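Each remark here refers to the structure printed beneath this line.
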Amino acid sequence: MTTIRAASPRSHVAVKRRGRKRTDTRAALGFLTPSALGLTFFVLFPSILAVITSLFNWPTFGDISFAGIANYTKLFAPGSTFPQALLNTILFTVIVVPVNLVLTVSMAFWVASSRLRRLYRVLFFLPVVTPSVASAVIWSMLYQPNGVFSSIALSFGIHLPNLLGSSSTALICVVIMILWQGFGYNLLIFSAAIDQLPDDVLAAASLDGATGFRQLLHIKLPLMTPAIFFASTVTMIQAFQIFSEPYVMTAGGPGNSTTTVVMNVYETAFQGGQLGQAAAPAMVLFVLILVVTLFQWYGQRKWVHYE
Amino acid sequence: MRLRLKKLGAIAVGLAMLAGVSACTSSGSSQDSANKNVTLQWGFWDQGAAGDKTYQQLADQVHKKYPNITVKLTQPPFADYFTKLQSQLAAGTTPCIVSMQSLRLPGFASALEPLGDLMKEQGFKTSDWDSGALKALQYNGEQYAIPYGLSTMILYYNKDAFAKAGLAEPKPGWTVADFEADAKKITEATGKPAFGQSFSDLHMFSMLYAKDGALPVTSKGKLDLTNSAMEKAFSWYSGLSTGQKTASTPASSADIPWGEQQFVAGNVSMAVDGTWDLVQNATTAKFNVGVVTLPVGSKGGGTLSANSGFGISKTCQYKKQAAQAISVIVGADASKTSAEQGNQPARSADQSVFFDAVAKQVDSKTPGFSAQAKEVLADSSKGATPFISTSNWDQTTKVIARQFILSYTGSQSPKQTLQNVQSQQGQ
């Protein structure tokens with residue numbers, strides 16, 4: 001005896017769901033595959049290769065031999081410029097990130113209150129889209145002993161030193177240029193965040209007597225913390241990777257006062273021809289950025305408000 | 001299962017295509033197997049608009065003589081050329097024909113093919129060339145590049161500034177004391193520092209060599225910046241800006257060719273530069289340019305020389321064709337063409353053609369320039385010493401610029417500066 005059971009509506013739905021799930025999985029795979037392939041070939045594979053390279057004596061041409069951790073120990077050997085480069089990179093980051101954030105947040109509020117806000121946003125964003133090498137060349141000319149800054153100072157009877165040729169002023173001159181160049185990007189992010197501030201919350205705060213600076217500190221800034229978190233993370237990573245500006249303006253001098261880790265990597269690889277030795281500082285920088293970013297990521301729970 | 005196999009197949013095809021692409025580009029040359037046509041890449045540095053045109057014509061001449069050879073010339077700026085070459089070597093895309101400067105040869109010799117037998121096949125005769133120019137492009141007794149020009153370091157001066165300061169123009173054999181006295185008077189008369197300091201290896205070290213016979217590298221290619229002659233000469237050179245106040249200091253360590261650029265711009269009245277810029281400097285400057293030998297110091301003067309030429313990369317698949325191309329590029333006809341453009345040739349037979357070209361291009365602006373240049377170049381060539389460098393010279397020049405500016409500005413003693421570079425770059 002054969003019993004024919006009609007498929008229950010429930011099982012029909014389950015089959016439909018399974019079918020949709022399979023279709024969704026295929027679509028998801030289709031969308032993900034190009035990114036996954038790109039990530040694998042252009043990020044993951046080179047990163048693994050860089051780790052391997054750092055363990056080898058790997059000249060641009062010639063024989064390759066295993067070096068163990070020798071490339072890492074050489075970084076801190078007498079005569080190595082890496083410790084100074086690392087210190088300079090940290091110094092650049094420690095100065096650039098907070099100054100950039102304070103300036104851009106302040107300016108974003110000022111721009112938001114202006115009738116010419118759109119014009120200001122475009123003007124401030126122009127340095128971001130200008131090639132950094134071109135900007136660095138222009139700023140080098142401004143800083144020259146007979147340049148604009150020296151001439152202006154001289155008209156007030158002030159004799160400026162050779163700004164990019166003096167150890168005491170070169171780093172701060174490069175920092176000023178970097179701040180000018182990166183200013184517009186964060187300004188745009190904060191301007192967008194200010195535009196998104198909920199009017200009802202601000203109105204409620206005003207009714208409760210929170211106005212002016214109090215409203216800024218206790219209502220507006222907390223509401224902007226997701227944007228501040230994003231901007232601080234991106235700016236920090238960019239600051240750790242500073243290269244073209246000091247390379248064009250000072251070539252890392254005077255002494256090693258503006259040498260950075262990425263400059264160290266570039267010179268060791270493409271002027272020294274030592275790819276293995278160059279990969280070691282790159283790995284150190286990678287770990288440093290990773291640790292600081294993780295620290296920021298976990299720290300955000302305490303100060304970033306998503307609602 | 002079938003789907004998986006298909007996927008694997010697609011990946012394999014993709015990888016094979018990638019491998020195919022890299023195989024096509026790895027040798028710096030390509031070949032059409034049916035017609036046996038060969039395309040050779042020629043890496044050279046920028047020679048200015050007129051120079052680039054000349055060398056493109058030479059590349060075309062190769063194709064005329066050997067129709068199966070096409071030469072593709074690329075010319076990045078000199079400052080980027082050797083960095084690019086490093087990355088090409090790392091990527092396996094080195095050009096077949098590699099332009100090489102004698103100062104950089106120790107660092108790149110192992111990537112180049114010794115040319116002895118290859119050039120003999122092309123009828124190459126050493127007697128046709130200036131012996132010093134050929135020797136400068138040898139390493140461990142092997143010829144790695146064939147020179148196209150002769151280059152010694154001389155002093156360029158602003159004739160108008162000398163006249164303004166009421167000074168007689170310097171003559172070959174003038175001394176360091178004469179130079180210092182003239183620099184002081186010109187600085188006072190023009191209100192601008194008379195001499196332009198530099199970080200460029202040849203420009204700076206040739207002055208130190210002329211002053212005290214100081215050389216930065218031993219004959220065996222080891223960095224030797226802390227020898228007593230170097231300390232004495234470098235203290236003097238730094239003192240031109242810190243003590244005598246007659247020199248213009250580079251604005252930053254990135255301004256490596258400072259003095260020579262400031263001279264052409266009219267901001268200083270004297271600077272050291274190579275003979276390769278003879279016509280360029282004299283015609284570009286908006287004043288009358290004169291040339292003189294470097295001032296003679298305690299060791300009898302002299303100058304440094306360097307040469308550049310064309311070699312063949314080890315990875316080149318068509319070395320014979322590359323040698324054929326080089327034989328045209330540095331051949332008698334090419335040398336004459338280059339000399340007519342105002343480039344001092346390495347071939348002995350074309351020296352008069354070069355000076356005729358200098359006369360044609362400059363004498364109408366600055367009367368007597370070619371005769372003066374002929375005298376100064378002959379004198380300089382007699383006392384010229386080929387500049388020997390280290391195998392990591394490119395990196396060393398960067399460190400030199402970073403450290404030397406500290407002494408030029410007076411914030412670090414010359415002795416300490418030399419010690420710093422030695423400890424960072426001495427191998």
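As shown in the structure tokens, the chain order sets the letters A, B, ...; within each chain, residues go from 1, and ligands are also counted from 1 in the order they appear.
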
(request) Compute the chain A side of the contact with chain B at 8 Å, counting only C-alpha atoms, and hand it back as a PyMOL selection string. (result) chain A and resi 60-62+79-81+144-145+162-166+247-256+267-268+270-273

Same residues, N, CA and C atoms, saved as a compact mmCIF listing (two decimals), in the first residue's frame:
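Output file result10.txt is given in full below:
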# COMPACT_ATOMS: atom_id res chain seq x y z
N THR A 60 68.48 43.42 -4.48
CA THR A 60 67.72 43.68 -5.70
C THR A 60 68.14 42.71 -6.80
N PHE A 61 69.43 42.48 -6.88
CA PHE A 61 69.91 41.45 -7.81
C PHE A 61 71.05 40.72 -7.10
N GLY A 62 71.16 39.45 -7.39
CA GLY A 62 72.17 38.63 -6.71
C GLY A 62 71.52 37.52 -5.92
N GLY A 79 74.80 53.07 14.47
CA GLY A 79 74.89 53.69 13.13
C GLY A 79 73.59 53.61 12.36
N SER A 80 72.63 52.79 12.85
CA SER A 80 71.35 52.67 12.15
C SER A 80 70.52 53.94 12.36
N THR A 81 69.87 54.39 11.29
CA THR A 81 69.03 55.59 11.41
C THR A 81 67.59 55.23 11.75
N GLN A 144 62.08 78.85 1.64
CA GLN A 144 63.49 79.14 1.31
C GLN A 144 63.98 80.44 1.97
N PRO A 145 65.31 80.55 2.17
CA PRO A 145 65.84 81.76 2.80
C PRO A 145 65.39 83.06 2.13
N ASN A 162 67.36 79.51 8.25
CA ASN A 162 67.09 78.65 7.09
C ASN A 162 66.10 77.58 7.57
N LEU A 163 64.80 77.83 7.31
CA LEU A 163 63.74 77.06 7.97
C LEU A 163 63.83 75.55 7.74
N LEU A 164 64.11 75.14 6.51
CA LEU A 164 64.20 73.70 6.24
C LEU A 164 65.62 73.17 6.43
N GLY A 165 66.56 74.09 6.65
CA GLY A 165 67.96 73.68 6.81
C GLY A 165 68.39 73.64 8.26
N SER A 166 67.47 73.94 9.17
CA SER A 166 67.82 73.95 10.59
C SER A 166 67.08 72.81 11.31
N TYR A 247 60.12 63.90 2.23
CA TYR A 247 61.10 63.47 1.24
C TYR A 247 61.38 64.58 0.23
N VAL A 248 60.33 65.27 -0.19
CA VAL A 248 60.50 66.34 -1.18
C VAL A 248 61.07 67.60 -0.53
N MET A 249 60.60 67.91 0.68
CA MET A 249 60.97 69.18 1.30
C MET A 249 62.34 69.16 1.96
N THR A 250 62.69 68.06 2.59
CA THR A 250 63.94 68.03 3.37
C THR A 250 64.81 66.82 3.09
N ALA A 251 64.29 65.86 2.34
CA ALA A 251 65.00 64.60 2.08
C ALA A 251 65.41 63.92 3.39
N GLY A 252 64.69 64.20 4.44
CA GLY A 252 64.96 63.56 5.73
C GLY A 252 65.90 64.35 6.63
N GLY A 253 66.50 65.42 6.12
CA GLY A 253 67.45 66.20 6.91
C GLY A 253 66.80 67.38 7.57
N PRO A 254 67.57 68.21 8.20
CA PRO A 254 69.02 68.13 8.44
C PRO A 254 69.34 67.05 9.47
N GLY A 255 70.50 66.45 9.35
CA GLY A 255 70.81 65.28 10.17
C GLY A 255 69.81 64.21 9.78
N ASN A 256 69.12 63.67 10.76
CA ASN A 256 68.02 62.75 10.45
C ASN A 256 66.73 63.28 11.07
N GLU A 267 64.36 54.12 0.91
CA GLU A 267 65.78 54.30 0.60
C GLU A 267 66.54 52.98 0.69
N THR A 268 66.20 52.17 1.70
CA THR A 268 66.90 50.89 1.84
C THR A 268 66.59 50.00 0.64
N PHE A 270 65.16 50.95 -2.57
CA PHE A 270 65.36 51.42 -3.93
C PHE A 270 66.64 52.22 -4.14
N GLN A 271 67.32 52.60 -3.08
CA GLN A 271 68.62 53.22 -3.25
C GLN A 271 69.71 52.30 -2.73
N GLY A 272 69.40 51.56 -1.67
CA GLY A 272 70.37 50.61 -1.13
C GLY A 272 70.26 49.25 -1.81
N GLY A 273 69.14 48.97 -2.45
CA GLY A 273 68.97 47.69 -3.15
C GLY A 273 68.84 46.50 -2.21

Show which residues sit within 12 Å of Ser65 (chain A), as a compact mmCIF listing (two decimals) with all heavy atoms, in the first residue's frame. Count only C-alpha atoms, and ignore same-chain residues fewer than 3 positions away.
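Okay, this is what ended up in result-v6.txt:
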# COMPACT_ATOMS: atom_id res chain seq x y z
N ILE A 52 57.96 37.31 4.76
CA ILE A 52 58.97 36.33 4.36
C ILE A 52 60.25 37.06 3.92
O ILE A 52 61.35 36.71 4.33
CB ILE A 52 58.44 35.44 3.20
CG1 ILE A 52 57.26 34.59 3.71
CG2 ILE A 52 59.53 34.54 2.64
CD1 ILE A 52 56.45 33.92 2.63
N THR A 53 60.07 38.12 3.10
CA THR A 53 61.23 38.89 2.62
C THR A 53 62.07 39.42 3.76
O THR A 53 63.30 39.43 3.71
CB THR A 53 60.75 40.06 1.73
OG1 THR A 53 59.87 39.56 0.73
CG2 THR A 53 61.91 40.77 1.04
N SER A 54 61.39 39.85 4.84
CA SER A 54 62.11 40.45 5.96
C SER A 54 63.02 39.45 6.67
O SER A 54 63.88 39.84 7.44
CB SER A 54 61.12 41.08 6.95
OG SER A 54 60.45 40.06 7.67
N LEU A 55 62.82 38.18 6.41
CA LEU A 55 63.65 37.15 7.05
C LEU A 55 64.80 36.69 6.16
O LEU A 55 65.50 35.75 6.49
CB LEU A 55 62.77 35.95 7.44
CG LEU A 55 61.61 36.27 8.40
CD1 LEU A 55 60.72 35.06 8.58
CD2 LEU A 55 62.14 36.74 9.75
N PHE A 56 64.95 37.36 5.02
CA PHE A 56 66.00 36.94 4.08
C PHE A 56 66.94 38.10 3.76
O PHE A 56 66.56 39.26 3.83
CB PHE A 56 65.36 36.45 2.77
CG PHE A 56 64.81 35.06 2.87
CD1 PHE A 56 63.55 34.85 3.40
CD2 PHE A 56 65.55 33.97 2.46
CE1 PHE A 56 63.03 33.57 3.51
CE2 PHE A 56 65.05 32.69 2.56
CZ PHE A 56 63.78 32.48 3.09
N ASN A 57 68.15 37.74 3.42
CA ASN A 57 69.08 38.70 2.84
C ASN A 57 68.73 38.72 1.36
O ASN A 57 69.10 37.80 0.63
CB ASN A 57 70.51 38.23 3.09
CG ASN A 57 71.52 39.15 2.46
OD1 ASN A 57 71.22 40.30 2.16
ND2 ASN A 57 72.71 38.64 2.22
N TRP A 58 67.98 39.73 0.92
CA TRP A 58 67.34 39.71 -0.40
C TRP A 58 67.76 40.96 -1.19
O TRP A 58 67.06 41.98 -1.17
CB TRP A 58 65.81 39.69 -0.21
CG TRP A 58 65.02 39.29 -1.40
CD1 TRP A 58 65.15 39.73 -2.68
CD2 TRP A 58 63.93 38.36 -1.42
NE1 TRP A 58 64.23 39.14 -3.49
CE2 TRP A 58 63.45 38.30 -2.75
CE3 TRP A 58 63.28 37.59 -0.46
CZ2 TRP A 58 62.39 37.50 -3.13
CZ3 TRP A 58 62.22 36.80 -0.84
CH2 TRP A 58 61.78 36.74 -2.15
N PRO A 59 68.89 40.89 -1.88
CA PRO A 59 69.31 42.07 -2.66
C PRO A 59 68.46 42.24 -3.91
O PRO A 59 67.80 41.29 -4.34
CB PRO A 59 70.76 41.74 -3.03
CG PRO A 59 70.85 40.27 -2.99
CD PRO A 59 69.82 39.77 -2.02
N GLY A 62 71.16 39.45 -7.39
CA GLY A 62 72.17 38.63 -6.71
C GLY A 62 71.52 37.52 -5.92
O GLY A 62 70.30 37.31 -6.00
N GLY A 68 67.20 34.98 9.01
CA GLY A 68 66.57 34.90 10.33
C GLY A 68 66.08 36.27 10.77
O GLY A 68 65.46 36.99 9.98
N ALA A 70 68.09 38.68 11.59
CA ALA A 70 69.23 39.62 11.47
C ALA A 70 68.79 40.99 10.94
O ALA A 70 69.31 42.02 11.39
CB ALA A 70 70.29 39.03 10.56
N ASN A 71 67.82 41.00 10.00
CA ASN A 71 67.36 42.29 9.45
C ASN A 71 66.70 43.14 10.54
O ASN A 71 66.72 44.37 10.47
CB ASN A 71 66.38 42.06 8.30
CG ASN A 71 67.08 41.53 7.06
OD1 ASN A 71 68.25 41.82 6.84
ND2 ASN A 71 66.36 40.74 6.27
N LEU A 275 66.21 44.56 -0.35
CA LEU A 275 64.76 44.39 -0.18
C LEU A 275 64.43 43.74 1.16
O LEU A 275 63.44 44.09 1.81
CB LEU A 275 64.19 43.56 -1.33
CG LEU A 275 64.43 44.13 -2.74
CD1 LEU A 275 63.79 43.24 -3.79
CD2 LEU A 275 63.87 45.54 -2.86
N GLY A 276 65.23 42.77 1.60
CA GLY A 276 64.99 42.10 2.88
C GLY A 276 65.15 43.07 4.04
O GLY A 276 64.31 43.15 4.94

(message) Residues near Phe183 (chain A), anyone? I mean within 10 Å using only C-alpha atoms, not counting same-chain ones fewer than 6 positions away, as number ranges by chain.
(response) A: 99-101, 103-104, 107, 124-128, 177

(request) Considering only C-alpha atoms, state which residue in the set B:Thr337, B:Ser298, B:Asn307, B:Gln197 is at the smallest distance from Ala136 (chain B). (result) B:Asn307

(request) Output as a PyMOL selection string all residues of region 47-283 of chain A that backbone DSSP marks as helix (DSSP H, G or I). (result) chain A and resi 47-53+70-74+82-112+117-129+132-143+148-155+167-195+199-207+212-223+225-240+244-249+261-270+275-283

(message) Quick one: residues within 10 Å of Gln341 (chain B), only C-alpha atoms, excluding same-chain residues fewer than 4 positions away - as a ChimeraX atom specification?
(response) /B:50-51,54,279,335-337,353-354,357-358,361

(message) Measuring between only C-alpha atoms, which one of B:Ala168, B:Val62, B:Leu215, B:Leu208 shows the shortest distance to Ser235 (chain B)?
(response)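 Nearest candidate to Ser235 (chain B) out of B:Ala168, B:Val62, B:Leu215, B:Leu208: B:Leu208.
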
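The interatomic distance for the pair CA of Val129 (chain A) and CA of Gly184 (chain A) works out to 9.4 Å.
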